[in-house]
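So this block is protein-v1.cif, mmCIF, C-alpha atoms:
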data_protein
#
loop_
_atom_site.label_atom_id
_atom_site.label_comp_id
_atom_site.auth_asym_id
_atom_site.auth_seq_id
_atom_site.Cartn_x
_atom_site.Cartn_y
_atom_site.Cartn_z
CA MET O 1 163.08 106.14 60.91
CA MET O 2 163.63 108.98 63.38
CA LEU O 3 164.39 112.57 62.43
CA LEU O 4 166.86 114.47 64.62
CA LEU O 5 167.48 118.22 64.49
CA GLY O 6 170.86 119.76 65.25
CA ILE O 7 171.15 123.49 65.92
CA ASP O 8 174.28 125.66 65.93
CA PRO O 9 173.00 128.93 67.43
CA GLY O 10 174.21 132.35 66.38
CA LEU O 11 172.60 135.78 66.42
CA GLN O 12 173.38 136.56 62.79
CA ARG O 13 173.28 132.98 61.45
CA THR O 14 171.77 129.97 63.22
CA GLY O 15 172.64 126.77 61.44
CA TRP O 16 170.26 123.82 61.43
CA GLY O 17 170.54 120.28 60.15
CA VAL O 18 168.12 117.37 60.04
CA ILE O 19 169.24 113.76 59.80
CA ALA O 20 167.29 110.50 59.74
CA THR O 21 168.39 107.54 61.82
CA ARG O 22 167.37 103.92 61.73
CA GLY O 23 169.48 101.80 64.06
CA ASN O 24 173.08 102.68 63.24
CA ALA O 25 172.21 103.99 59.76
CA ILE O 26 172.28 107.78 59.42
CA GLN O 27 171.10 109.75 56.40
CA PHE O 28 171.10 113.44 55.47
CA VAL O 29 167.64 115.01 55.19
CA ALA O 30 168.09 118.80 55.03
CA ALA O 31 170.20 121.68 56.32
CA GLY O 32 170.26 125.42 56.18
CA VAL O 33 170.70 128.68 58.01
CA VAL O 34 168.22 131.01 59.66
CA THR O 35 169.47 134.60 59.50
CA SER O 36 168.69 137.87 61.20
CA ASP O 37 169.25 141.40 59.96
CA ALA O 38 172.07 143.08 61.90
CA SER O 39 170.49 146.50 61.30
CA GLN O 40 167.40 145.56 63.34
CA ALA O 41 166.89 145.78 67.09
CA LEU O 42 167.89 142.76 69.15
CA ALA O 43 164.28 141.76 69.87
CA ALA O 44 163.44 141.75 66.14
CA ARG O 45 166.54 139.68 65.38
CA LEU O 46 165.65 137.10 68.04
CA ASP O 47 162.09 136.98 66.68
CA ALA O 48 163.42 136.32 63.16
CA LEU O 49 165.50 133.40 64.48
CA TYR O 50 162.54 132.00 66.42
CA ARG O 51 160.18 132.20 63.44
CA GLY O 52 162.79 130.66 61.13
CA LEU O 53 163.33 127.75 63.50
CA GLN O 54 159.56 127.31 63.84
CA ASP O 55 159.40 126.94 60.04
CA VAL O 56 162.17 124.29 60.12
CA LEU O 57 160.39 122.40 62.90
CA ARG O 58 157.05 122.54 61.08
CA ASP O 59 158.54 121.51 57.71
CA HIS O 60 160.64 118.58 58.97
CA GLN O 61 158.88 117.49 62.19
CA PRO O 62 161.88 115.99 64.01
CA ILE O 63 161.29 113.94 67.16
CA ASP O 64 164.38 115.14 69.03
CA ALA O 65 166.66 118.19 69.03
CA ALA O 66 170.23 118.93 70.04
CA VAL O 67 171.77 122.36 70.55
CA GLU O 68 175.42 123.28 70.82
CA GLU O 69 176.36 125.00 74.07
CA THR O 70 177.66 128.55 74.02
CA VAL O 71 181.39 129.10 73.81
CA ILE O 72 182.32 132.02 76.04
CA ASN O 73 184.13 134.83 74.20
CA ARG O 74 186.44 137.47 75.60
CA ASN O 75 183.77 139.99 74.63
CA ALA O 76 181.03 139.70 77.28
CA GLY O 77 178.48 141.50 75.08
CA SER O 78 178.98 139.02 72.23
CA SER O 79 178.69 136.09 74.63
CA LEU O 80 175.46 137.49 76.05
CA LYS O 81 173.92 137.95 72.59
CA LEU O 82 174.98 134.45 71.56
CA GLY O 83 173.39 133.12 74.74
CA GLN O 84 170.15 134.88 73.86
CA ALA O 85 170.17 133.32 70.38
CA ARG O 86 170.82 129.96 72.00
CA GLY O 87 167.88 130.54 74.35
CA VAL O 88 165.64 131.17 71.34
CA ALA O 89 166.78 127.86 69.79
CA LEU O 90 166.03 126.00 73.02
CA LEU O 91 162.64 127.72 73.29
CA ALA O 92 161.64 126.94 69.69
CA ALA O 93 162.40 123.23 70.15
CA ALA O 94 160.70 123.13 73.56
CA HIS O 95 157.58 124.86 72.17
CA ALA O 96 157.44 122.17 69.50
CA GLY O 97 157.33 119.59 72.29
CA LEU O 98 160.76 118.13 71.55
CA PRO O 99 163.20 116.82 74.10
CA VAL O 100 166.34 118.94 73.79
CA THR O 101 169.87 117.79 74.56
CA GLU O 102 172.81 120.17 74.82
CA TYR O 103 176.39 119.36 73.81
CA ALA O 104 179.65 121.17 74.39
CA SER O 105 181.56 122.12 71.26
CA LYS O 106 184.41 119.74 72.17
CA THR O 107 181.95 116.85 72.57
CA VAL O 108 180.52 117.53 69.10
CA LYS O 109 183.99 117.71 67.54
CA ARG O 110 185.10 114.53 69.31
CA ALA O 111 182.01 112.64 68.10
CA VAL O 112 182.45 113.70 64.47
CA VAL O 113 186.22 114.07 64.02
CA GLY O 114 187.68 112.09 66.91
CA THR O 115 189.28 115.01 68.72
CA GLY O 116 187.79 117.89 70.65
CA ALA O 117 190.43 120.21 69.23
CA ALA O 118 189.32 119.81 65.60
CA GLU O 119 189.24 122.85 63.33
CA LYS O 120 186.01 124.03 61.68
CA GLN O 121 187.23 122.79 58.26
CA GLN O 122 187.89 119.31 59.66
CA VAL O 123 184.38 119.16 61.09
CA ALA O 124 182.85 120.23 57.75
CA MET O 125 184.92 117.64 55.85
CA MET O 126 183.85 114.84 58.19
CA VAL O 127 180.20 115.92 57.98
CA ARG O 128 180.43 115.67 54.16
CA THR O 129 182.09 112.25 54.52
CA LEU O 130 179.54 110.89 57.00
CA LEU O 131 176.57 112.45 55.18
CA PRO O 132 177.47 112.25 51.49
CA GLY O 133 174.05 113.55 50.42
CA CYS O 134 174.56 116.90 52.14
CA GLY O 135 176.75 118.37 49.40
CA ALA O 136 178.65 121.59 50.04
CA VAL O 137 176.71 122.95 53.02
CA THR O 138 177.75 126.25 54.59
CA GLY O 139 179.86 126.33 57.76
CA ASP O 140 176.92 127.03 60.09
CA ALA O 141 174.78 124.28 58.53
CA ALA O 142 177.73 121.85 58.65
CA ASP O 143 178.20 122.66 62.34
CA ALA O 144 174.50 121.99 62.96
CA LEU O 145 174.73 118.67 61.14
CA ALA O 146 177.72 117.83 63.33
CA VAL O 147 175.55 118.52 66.41
CA ALA O 148 172.86 116.21 64.98
CA LEU O 149 175.45 113.49 64.28
CA CYS O 150 176.83 113.83 67.81
CA HIS O 151 173.32 113.46 69.19
CA ALA O 152 172.64 110.41 67.02
CA HIS O 153 175.80 108.72 68.32
CA HIS O 154 175.07 109.57 71.96
CA ARG O 155 171.42 108.59 71.58
CA THR O 156 172.34 105.23 70.08
CA SER O 157 174.94 104.46 72.74
CA GLY O 158 172.50 105.57 75.46
CA LEU O 159 169.79 103.31 74.06
CA SER O 160 172.29 100.45 73.85
CA ARG O 161 173.25 100.95 77.51
CA ALA O 162 169.57 101.06 78.50
CA ALA O 163 168.83 97.86 76.56
CA ALA O 164 171.83 96.11 78.13
CA ALA O 165 170.73 97.21 81.61
CA ALA O 166 167.21 95.93 80.94
CA LEU O 167 168.58 92.57 79.75
CA ALA O 168 170.81 92.32 82.81
CA ALA O 169 167.89 93.14 85.12
CA GLY O 170 165.75 90.53 83.37
CA ALA O 171 168.47 87.89 83.68
CA ALA O 172 168.91 88.66 87.39
CA SER O 173 165.23 88.09 88.19
#
Give the structure from this file in structure tokens form.
Amino acid sequence: MMLLLGIDPGLQRTGWGVIATRGNAIQFVAAGVVTSDASQALAARLDALYRGLQDVLRDHQPIDAAVEETVINRNAGSSLKLGQARGVALLAAAHAGLPVTEYASKTVKRAVVGTGAAEKQQVAMMVRTLLPGCGAVTGDAADALAVALCHAHHRTSGLSRAAAAALAAGAAS
């Protein structure tokens, strides 16, 4: 059984979700949100996110991580701060020695709902359907679980392609 971590970065709330995979079987393990205090300086907020993600990584010990890419806002300052939070998420996973894969929001939505134009509520509903043990997780945690599910699907299909290529190479020799 392999544990995968999905992260939905945000400066105020960074969602995280851990799932277990064995072949095509996927199971909910844990989910939550790491928060920062908006009244603190940016550096302190980023540190709080980093330390919170370190705790998640230590407690669950996933073997792989996936992070949602930043959606660019009209407000450049907000986009920059979101990018910094995302950088902290990438750094925390990298410091833990995990391979990290990044997915666009539309890719995550397409993997979980079937369309890249899905609404947040549709994603949360499908996460609860695909991971019945997760209960009523918050929006940020549901988004992180969606990232983990997307990664599980892409990982499985990538491993299947690699196995097929290896079989084809073996048959050719």
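Of the listed residues (O:Leu145, O:Trp16, O:Leu5, O:Arg110), O:Leu145 comes nearest to O:Ala124; the distances count only C-alpha atoms.
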On this file, the PyMOL selection byres ((chain O and resi 30) around 6) gives some set of residues; write that set as JSON, numbers by chain. {"O": [17, 18, 29, 31]}
Taking the file as shown, find all residues satisfying the PyMOL selection byres ((chain O and resi 123) around 8) and write them as a list of chain:residue names.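 Applying the expression gives O:Lys109, O:Val112, O:Val113, O:Ala118, O:Glu119, O:Lys120, O:Gln121, O:Gln122, O:Ala124, O:Met125, O:Met126, O:Val127, O:Ala142, O:Asp143, O:Ala146.
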Contacts between stretch 10-13 of chain O and stretch 115-156 of chain O, please, where a residue of stretch 115-156 of chain O counts if it comes within 12 Å (with only C-alpha atoms); show its shortest atom pair and distance in Å to one decimal, rows by chain and ascending number, as CSV.
residue,atom,partner,partner_atom,distance
O:Thr138,CA,O:Arg13,CA,10.6
O:Gly139,CA,O:Arg13,CA,10.1
O:Asp140,CA,O:Arg13,CA,7.1
O:Ala141,CA,O:Arg13,CA,9.3
O:Asp143,CA,O:Gly10,CA,11.2
O:Ala144,CA,O:Gly10,CA,10.9
Selection under test: the PyMOL selection byres ((chain O and resi 54) around 12); residues as a ChimeraX atom specification: /O:16,34,47-53,55-62,88-97
Which residue, O:Leu46, O:Thr14, O:Arg74, O:Ala20, has the smallest gap to O:Met2 when you use all atoms listed in the file? O:Ala20
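With all atoms listed in the file as the basis for measurement, O:Ala85 is the residue among O:Ala65, O:Leu80, O:Met1, O:Ala85 that approaches O:Ser36 most closely.
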To one decimal place in Å, what is the distance between atom CA of O:Tyr103 and atom CA of O:Leu82? 15.3 Å
By how many Å are atom CA of O:Arg86 and atom CA of O:Glu69 apart?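 Atom CA of O:Glu69 lies 7.7 Å from atom CA of O:Arg86.
Going from atom CA of O:Gly32 to atom CA of O:Asp64 covers 17.5 Å.
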